[in-house]
file structure-v6.cif (mmCIF, C-alpha atoms)
data_run
loop_
_atom_site.label_atom_id
_atom_site.label_comp_id
_atom_site.auth_asym_id
_atom_site.auth_seq_id
_atom_site.Cartn_x
_atom_site.Cartn_y
_atom_site.Cartn_z
CA MET A 1 23.43 3.28 1.32
CA THR A 2 25.04 1.06 -1.23
CA ALA A 3 24.10 1.11 -4.88
CA ARG A 4 22.82 -2.46 -4.56
CA VAL A 5 20.33 -1.50 -1.82
CA GLU A 6 19.22 1.54 -3.81
CA LEU A 7 18.60 -0.74 -6.81
CA TRP A 8 16.50 -3.10 -4.68
CA LEU A 9 14.46 -0.17 -3.33
CA TYR A 10 13.97 1.10 -6.88
CA MET A 11 12.79 -2.33 -8.04
CA ALA A 12 10.53 -2.79 -5.01
CA GLN A 13 8.83 0.51 -5.69
CA ARG A 14 8.31 -0.34 -9.36
CA VAL A 15 6.92 -3.80 -8.57
CA SER A 16 4.61 -2.35 -5.91
CA ALA A 17 3.36 0.16 -8.50
CA MET A 18 2.60 -2.69 -10.90
CA VAL A 19 0.59 -4.37 -8.15
CA LEU A 20 -1.15 -1.16 -7.11
CA ALA A 21 -2.36 -0.20 -10.59
CA PRO A 22 -4.85 -3.06 -11.07
CA VAL A 23 -5.70 -3.29 -7.36
CA VAL A 24 -6.66 0.38 -7.18
CA LEU A 25 -8.68 0.02 -10.38
CA VAL A 26 -10.64 -2.94 -8.98
CA HIS A 27 -11.12 -1.08 -5.69
CA LEU A 28 -12.51 2.01 -7.44
CA LEU A 29 -14.76 -0.04 -9.73
CA THR A 30 -16.07 -1.92 -6.70
CA ILE A 31 -16.86 1.37 -4.96
CA LEU A 32 -18.69 2.64 -8.04
CA TYR A 33 -20.66 -0.61 -8.29
CA ALA A 34 -21.63 -0.41 -4.61
CA ILE A 35 -22.64 3.25 -4.76
CA ARG A 36 -24.62 2.93 -7.98
CA GLY A 37 -26.25 -0.22 -6.63
CA GLY A 38 -27.42 1.73 -3.61
CA LEU A 39 -25.67 -0.54 -1.13
CA THR A 40 -25.41 0.67 2.45
CA ALA A 41 -22.26 0.29 4.54
CA ALA A 42 -23.93 -2.55 6.42
CA GLU A 43 -24.74 -4.35 3.17
CA ILE A 44 -21.17 -3.93 1.92
CA LEU A 45 -19.77 -5.28 5.18
CA GLY A 46 -22.22 -8.15 4.98
CA ARG A 47 -20.69 -9.10 1.64
CA THR A 48 -17.07 -8.75 2.73
CA GLN A 49 -17.26 -10.35 6.20
CA GLY A 50 -15.70 -13.80 6.13
CA SER A 51 -14.53 -13.47 2.53
CA VAL A 52 -11.06 -14.91 2.02
CA PHE A 53 -10.92 -13.27 -1.42
CA TRP A 54 -11.45 -9.75 -0.07
CA MET A 55 -9.09 -10.38 2.83
CA LEU A 56 -6.31 -11.43 0.43
CA PHE A 57 -7.17 -8.68 -2.06
CA TYR A 58 -7.03 -5.88 0.51
CA GLY A 59 -4.06 -7.49 2.28
CA LEU A 60 -2.15 -7.30 -1.01
CA PHE A 61 -3.34 -3.70 -1.39
CA VAL A 62 -1.99 -2.82 2.07
CA VAL A 63 1.41 -4.41 1.47
CA ALA A 64 1.84 -2.77 -1.93
CA ALA A 65 0.75 0.64 -0.62
CA ALA A 66 3.03 0.43 2.43
CA VAL A 67 6.07 -0.54 0.36
CA HIS A 68 5.37 1.95 -2.41
CA GLY A 69 4.52 4.84 -0.12
CA SER A 70 7.40 4.44 2.31
CA ILE A 71 10.02 4.16 -0.45
CA GLY A 72 8.49 7.12 -2.28
CA LEU A 73 8.39 9.25 0.87
CA ARG A 74 12.01 8.35 1.61
CA SER A 75 13.01 9.41 -1.92
CA ILE A 76 11.15 12.71 -1.68
CA VAL A 77 12.68 13.54 1.71
CA ARG A 78 16.18 12.70 0.40
CA GLU A 79 15.71 14.95 -2.63
CA MET A 80 14.03 17.87 -0.89
CA THR A 81 15.93 18.04 2.42
CA ALA A 82 19.37 17.50 3.89
CA TRP A 83 18.10 14.42 5.75
CA HIS A 84 20.07 11.36 4.59
CA GLY A 85 21.57 8.26 6.07
CA ARG A 86 20.52 5.64 8.56
CA SER A 87 18.02 7.74 10.50
CA LEU A 88 16.05 8.46 7.33
CA ASN A 89 16.04 4.76 6.44
CA VAL A 90 14.82 3.88 9.94
CA ALA A 91 12.08 6.52 9.70
CA ALA A 92 10.97 5.18 6.30
CA LEU A 93 10.89 1.65 7.70
CA ALA A 94 8.89 2.85 10.71
CA PHE A 95 6.43 4.56 8.35
CA CYS A 96 6.11 1.32 6.35
CA LEU A 97 5.44 -0.68 9.52
CA LEU A 98 2.86 1.87 10.68
CA ILE A 99 0.99 1.64 7.38
CA LEU A 100 1.12 -2.16 7.54
CA VAL A 101 -0.27 -2.27 11.09
CA LEU A 102 -3.04 0.26 10.40
CA GLY A 103 -3.85 -1.30 7.04
CA PHE A 104 -4.09 -4.84 8.38
CA ARG A 105 -6.31 -3.61 11.23
CA ALA A 106 -8.63 -2.09 8.62
CA VAL A 107 -8.61 -5.29 6.55
CA GLY A 108 -9.45 -7.26 9.68
CA ALA A 109 -12.37 -4.98 10.42
CA VAL A 110 -13.83 -5.29 6.91
CA THR A 111 -13.26 -9.00 6.38
#
call {"tool": "encode", "arguments": {"input": "structure-v6.cif", "output": "C-alpha coordinates"}}
result
Amino acid sequence: MTARVELWLYMAQRVSAMVLAPVVLVHLLTILYAIRGGLTAAEILGRTQGSVFWMLFYGLFVVAAAVHGSIGLRSIVREMTAWHGRSLNVAALAFCLLILVLGFRAVGAVT
(Lines of atoms letter the chains of each structure in order from A and count residues from 1; the text may use other names and numbers.)
(Lines give C-alpha, C1' and ligand atoms only; values in the text may rest on other atoms or scores of the structure.)
Protein backbone atom coordinates (compact mmCIF):
# COMPACT_ATOMS: atom_id res chain seq x y z
CA MET A 1 0.00 0.00 0.00
CA THR A 2 1.24 3.46 -0.72
CA ALA A 3 2.58 5.75 1.95
CA ARG A 4 -0.33 8.13 1.32
CA VAL A 5 -2.92 5.43 2.09
CA GLU A 6 -1.00 4.38 5.19
CA LEU A 7 -1.02 8.01 6.36
CA TRP A 8 -4.79 8.23 5.84
CA LEU A 9 -5.30 5.00 7.81
CA TYR A 10 -3.08 6.35 10.57
CA MET A 11 -5.06 9.59 10.71
CA ALA A 12 -8.41 7.78 10.60
CA GLN A 13 -7.42 5.63 13.54
CA ARG A 14 -6.27 8.65 15.55
CA VAL A 15 -9.44 10.62 14.79
CA SER A 16 -11.61 7.62 15.67
CA ALA A 17 -9.73 7.35 18.98
CA MET A 18 -10.48 11.01 19.70
CA VAL A 19 -14.16 10.32 19.06
CA LEU A 20 -14.16 7.09 21.08
CA ALA A 21 -12.61 8.58 24.22
CA PRO A 22 -15.52 10.86 25.20
CA VAL A 23 -18.17 8.53 23.76
CA VAL A 24 -16.95 5.59 25.84
CA LEU A 25 -16.79 7.82 28.91
CA VAL A 26 -20.39 8.97 28.45
CA HIS A 27 -21.47 5.38 27.79
CA LEU A 28 -19.83 4.12 30.99
CA LEU A 29 -21.19 7.00 33.08
CA THR A 30 -24.66 6.32 31.68
CA ILE A 31 -24.36 2.66 32.65
CA LEU A 32 -23.27 3.59 36.17
CA TYR A 33 -26.15 6.05 36.48
CA ALA A 34 -28.64 3.41 35.31
CA ILE A 35 -27.30 0.69 37.60
CA ARG A 36 -27.07 2.91 40.67
CA GLY A 37 -30.54 4.26 39.92
CA GLY A 38 -31.88 0.73 39.95
CA LEU A 39 -33.23 0.93 36.42
CA THR A 40 -34.32 -2.32 34.79
CA ALA A 41 -33.55 -3.18 31.18
CA ALA A 42 -37.16 -2.41 30.28
CA GLU A 43 -36.92 1.02 31.91
CA ILE A 44 -33.67 1.78 30.09
CA LEU A 45 -35.19 0.75 26.76
CA GLY A 46 -38.23 2.86 27.56
CA ARG A 47 -35.94 5.88 27.82
CA THR A 48 -33.94 5.16 24.68
CA GLN A 49 -36.75 4.06 22.33
CA GLY A 50 -37.51 6.81 19.83
CA SER A 51 -34.65 9.01 21.01
CA VAL A 52 -32.85 10.68 18.13
CA PHE A 53 -30.06 11.72 20.51
CA TRP A 54 -29.26 8.16 21.59
CA MET A 55 -29.57 6.89 18.02
CA LEU A 56 -27.02 9.46 16.82
CA PHE A 57 -24.80 8.97 19.88
CA TYR A 58 -24.59 5.20 19.51
CA GLY A 59 -24.41 5.45 15.72
CA LEU A 60 -21.31 7.61 16.12
CA PHE A 61 -19.99 5.08 18.64
CA VAL A 62 -20.46 2.24 16.14
CA VAL A 63 -18.74 4.08 13.29
CA ALA A 64 -15.78 5.11 15.44
CA ALA A 65 -15.39 1.61 16.90
CA ALA A 66 -15.61 -0.07 13.49
CA VAL A 67 -13.01 2.24 11.94
CA HIS A 68 -10.69 2.15 14.94
CA GLY A 69 -10.94 -1.59 15.50
CA SER A 70 -10.53 -2.67 11.89
CA ILE A 71 -7.48 -0.46 11.30
CA GLY A 72 -5.95 -1.59 14.60
CA LEU A 73 -6.57 -5.26 13.83
CA ARG A 74 -5.03 -4.81 10.38
CA SER A 75 -1.94 -3.21 11.94
CA ILE A 76 -1.55 -5.98 14.51
CA VAL A 77 -1.89 -8.72 11.89
CA ARG A 78 0.67 -6.97 9.64
CA GLU A 79 3.16 -6.70 12.51
CA MET A 80 2.67 -10.16 13.99
CA THR A 81 2.26 -12.32 10.87
CA ALA A 82 3.48 -12.64 7.31
CA TRP A 83 0.02 -11.65 6.03
CA HIS A 84 0.32 -8.45 3.97
CA GLY A 85 -1.12 -6.99 0.83
CA ARG A 86 -4.52 -6.74 -0.76
CA SER A 87 -6.09 -9.77 0.90
CA LEU A 88 -5.34 -8.37 4.35
CA ASN A 89 -6.83 -5.02 3.37
CA VAL A 90 -9.96 -6.74 2.06
CA ALA A 91 -10.25 -8.76 5.28
CA ALA A 92 -9.89 -5.60 7.39
CA LEU A 93 -12.56 -3.88 5.29
CA ALA A 94 -14.84 -6.91 5.66
CA PHE A 95 -14.31 -6.81 9.44
CA CYS A 96 -15.18 -3.10 9.46
CA LEU A 97 -18.36 -3.73 7.47
CA LEU A 98 -19.34 -6.59 9.78
CA ILE A 99 -18.95 -4.38 12.85
CA LEU A 100 -20.96 -1.63 11.15
CA VAL A 101 -23.82 -3.98 10.25
CA LEU A 102 -23.95 -5.62 13.69
CA GLY A 103 -23.52 -2.30 15.48
CA PHE A 104 -26.27 -0.55 13.53
CA ARG A 105 -28.60 -3.50 14.15
CA ALA A 106 -27.94 -3.10 17.88
CA VAL A 107 -28.53 0.67 17.69
CA GLY A 108 -31.79 0.02 15.87
CA ALA A 109 -32.91 -2.39 18.56
CA VAL A 110 -32.18 0.05 21.40
CA THR A 111 -33.48 3.22 19.79
call {"tool": "residues_around", "arguments": {"input": "structure-v6.cif", "residues": "segment 9-19 of chain A", "least_positions_apart": "4", "cutoff": "8 Å", "atoms": "all atoms listed in the file", "output": "PyMOL selection string"}}
result
chain A and resi 5+23+61+64-65+67-68+71-72
call {"tool": "residues_around", "arguments": {"input": "structure-v6.cif", "residues": "segment 75-80 of chain A", "least_positions_apart": "5", "cutoff": "12 Å", "atoms": "only C-alpha atoms", "output": "number ranges by chain"}}
result
A: 1, 6, 9-10, 13, 68-70, 85-89, 91-92
call {"tool": "atom_distance", "arguments": {"input": "structure-v6.cif", "atom1": "atom CA of Thr40 of chain A", "atom2": "atom CA of Leu20 of chain A"}}
result
26.1 Å
call {"tool": "atom_distance", "arguments": {"input": "structure-v6.cif", "atom1": "atom CA of Val24 of chain A", "atom2": "atom CA of Trp54 of chain A"}}
result
13.3 Å
call {"tool": "atom_distance", "arguments": {"input": "structure-v6.cif", "atom1": "atom CA of Ala106 of chain A", "atom2": "atom CA of Leu73 of chain A"}}
result
21.9 Å
call {"tool": "closest_residue", "arguments": {"input": "structure-v6.cif", "among": "A:Val107, A:Leu93, A:Leu29, A:Leu98", "to": "Gly50 of chain A", "atoms": "all atoms listed in the file"}}
result
A:Val107
call {"tool": "closest_residue", "arguments": {"input": "structure-v6.cif", "among": "A:His84, A:Ala21, A:Val26, A:Val63", "to": "Val101 of chain A", "atoms": "all atoms listed in the file"}}
result
A:Val63
call {"tool": "residues_around", "arguments": {"input": "structure-v6.cif", "residues": "Gln49 of chain A", "least_positions_apart": "4", "cutoff": "9 Å", "atoms": "only C-alpha atoms", "output": "PDB file with C-alpha atoms, in the frame of the given file"}}
result
ATOM      1  CA  ILE A  44     -21.170  -3.930   1.920  1.00  0.00           C
ATOM      2  CA  LEU A  45     -19.770  -5.280   5.180  1.00  0.00           C
ATOM      3  CA  TRP A  54     -11.450  -9.750  -0.070  1.00  0.00           C
ATOM      4  CA  MET A  55      -9.090 -10.380   2.830  1.00  0.00           C
ATOM      5  CA  ALA A 109     -12.370  -4.980  10.420  1.00  0.00           C
ATOM      6  CA  VAL A 110     -13.830  -5.290   6.910  1.00  0.00           C
ATOM      7  CA  THR A 111     -13.260  -9.000   6.380  1.00  0.00           C
TER       8      THR A 111
END
call {"tool": "closest_residue", "arguments": {"input": "structure-v6.cif", "among": "A:Ala34, A:Phe104, A:Arg4, A:Ala82", "to": "Leu56 of chain A", "atoms": "all atoms listed in the file"}}
result
A:Phe104
call {"tool": "closest_residue", "arguments": {"input": "structure-v6.cif", "among": "A:Ala3, A:Leu25, A:Leu102, A:Ile35", "to": "Gly59 of chain A", "atoms": "all atoms listed in the file"}}
result
A:Leu102
call {"tool": "closest_residue", "arguments": {"input": "structure-v6.cif", "among": "A:Ala66, A:Val52, A:Ala42, A:Leu28", "to": "Ala94 of chain A", "atoms": "all atoms listed in the file"}}
result
A:Ala66
call {"tool": "closest_residue", "arguments": {"input": "structure-v6.cif", "among": "A:Gly103, A:Pro22, A:Arg74, A:Trp83", "to": "Tyr58 of chain A", "atoms": "all atoms listed in the file"}}
result
A:Gly103
call {"tool": "build_atoms", "arguments": {"input": "structure-v6.cif", "residues": "segment 49-62 of chain A", "atoms": "N, CA, C and O atoms", "output": "mmCIF file, keeping the file's coordinate frame"}}
result
data_model
loop_
_atom_site.group_PDB
_atom_site.id
_atom_site.type_symbol
_atom_site.label_atom_id
_atom_site.label_comp_id
_atom_site.auth_asym_id
_atom_site.auth_seq_id
_atom_site.Cartn_x
_atom_site.Cartn_y
_atom_site.Cartn_z
ATOM 1 N N GLN A 49 -17.553 -9.597 4.976
ATOM 2 C CA GLN A 49 -17.260 -10.350 6.200
ATOM 3 C C GLN A 49 -17.069 -11.827 5.880
ATOM 4 O O GLN A 49 -17.900 -12.438 5.219
ATOM 5 N N GLY A 50 -15.973 -12.390 6.336
ATOM 6 C CA GLY A 50 -15.700 -13.800 6.130
ATOM 7 C C GLY A 50 -15.209 -14.165 4.744
ATOM 8 O O GLY A 50 -15.020 -15.346 4.448
ATOM 9 N N SER A 51 -14.977 -13.188 3.899
ATOM 10 C CA SER A 51 -14.530 -13.470 2.530
ATOM 11 C C SER A 51 -13.004 -13.548 2.480
ATOM 12 O O SER A 51 -12.307 -12.550 2.698
ATOM 13 N N VAL A 52 -12.505 -14.726 2.159
ATOM 14 C CA VAL A 52 -11.060 -14.910 2.020
ATOM 15 C C VAL A 52 -10.553 -14.095 0.826
ATOM 16 O O VAL A 52 -9.469 -13.498 0.891
ATOM 17 N N PHE A 53 -11.334 -14.037 -0.247
ATOM 18 C CA PHE A 53 -10.920 -13.270 -1.420
ATOM 19 C C PHE A 53 -10.658 -11.808 -1.056
ATOM 20 O O PHE A 53 -9.596 -11.263 -1.383
ATOM 21 N N TRP A 54 -11.624 -11.159 -0.393
ATOM 22 C CA TRP A 54 -11.450 -9.750 -0.070
ATOM 23 C C TRP A 54 -10.349 -9.534 0.955
ATOM 24 O O TRP A 54 -9.641 -8.532 0.909
ATOM 25 N N MET A 55 -10.177 -10.495 1.864
ATOM 26 C CA MET A 55 -9.090 -10.380 2.830
ATOM 27 C C MET A 55 -7.738 -10.406 2.107
ATOM 28 O O MET A 55 -6.870 -9.570 2.365
ATOM 29 N N LEU A 56 -7.571 -11.351 1.183
ATOM 30 C CA LEU A 56 -6.310 -11.430 0.430
ATOM 31 C C LEU A 56 -6.130 -10.232 -0.500
ATOM 32 O O LEU A 56 -5.024 -9.695 -0.626
ATOM 33 N N PHE A 57 -7.218 -9.815 -1.143
ATOM 34 C CA PHE A 57 -7.170 -8.680 -2.060
ATOM 35 C C PHE A 57 -6.713 -7.411 -1.318
ATOM 36 O O PHE A 57 -5.762 -6.741 -1.734
ATOM 37 N N TYR A 58 -7.387 -7.105 -0.206
ATOM 38 C CA TYR A 58 -7.030 -5.880 0.510
ATOM 39 C C TYR A 58 -5.723 -6.037 1.297
ATOM 40 O O TYR A 58 -5.016 -5.052 1.530
ATOM 41 N N GLY A 59 -5.366 -7.267 1.667
ATOM 42 C CA GLY A 59 -4.060 -7.490 2.280
ATOM 43 C C GLY A 59 -2.941 -7.175 1.295
ATOM 44 O O GLY A 59 -1.948 -6.529 1.648
ATOM 45 N N LEU A 60 -3.113 -7.626 0.047
ATOM 46 C CA LEU A 60 -2.150 -7.300 -1.010
ATOM 47 C C LEU A 60 -2.090 -5.789 -1.233
ATOM 48 O O LEU A 60 -1.005 -5.215 -1.397
ATOM 49 N N PHE A 61 -3.247 -5.154 -1.219
ATOM 50 C CA PHE A 61 -3.340 -3.700 -1.390
ATOM 51 C C PHE A 61 -2.527 -3.003 -0.291
ATOM 52 O O PHE A 61 -1.726 -2.093 -0.567
ATOM 53 N N VAL A 62 -2.696 -3.432 0.943
ATOM 54 C CA VAL A 62 -1.990 -2.820 2.070
ATOM 55 C C VAL A 62 -0.477 -2.975 1.929
ATOM 56 O O VAL A 62 0.275 -2.013 2.106
#
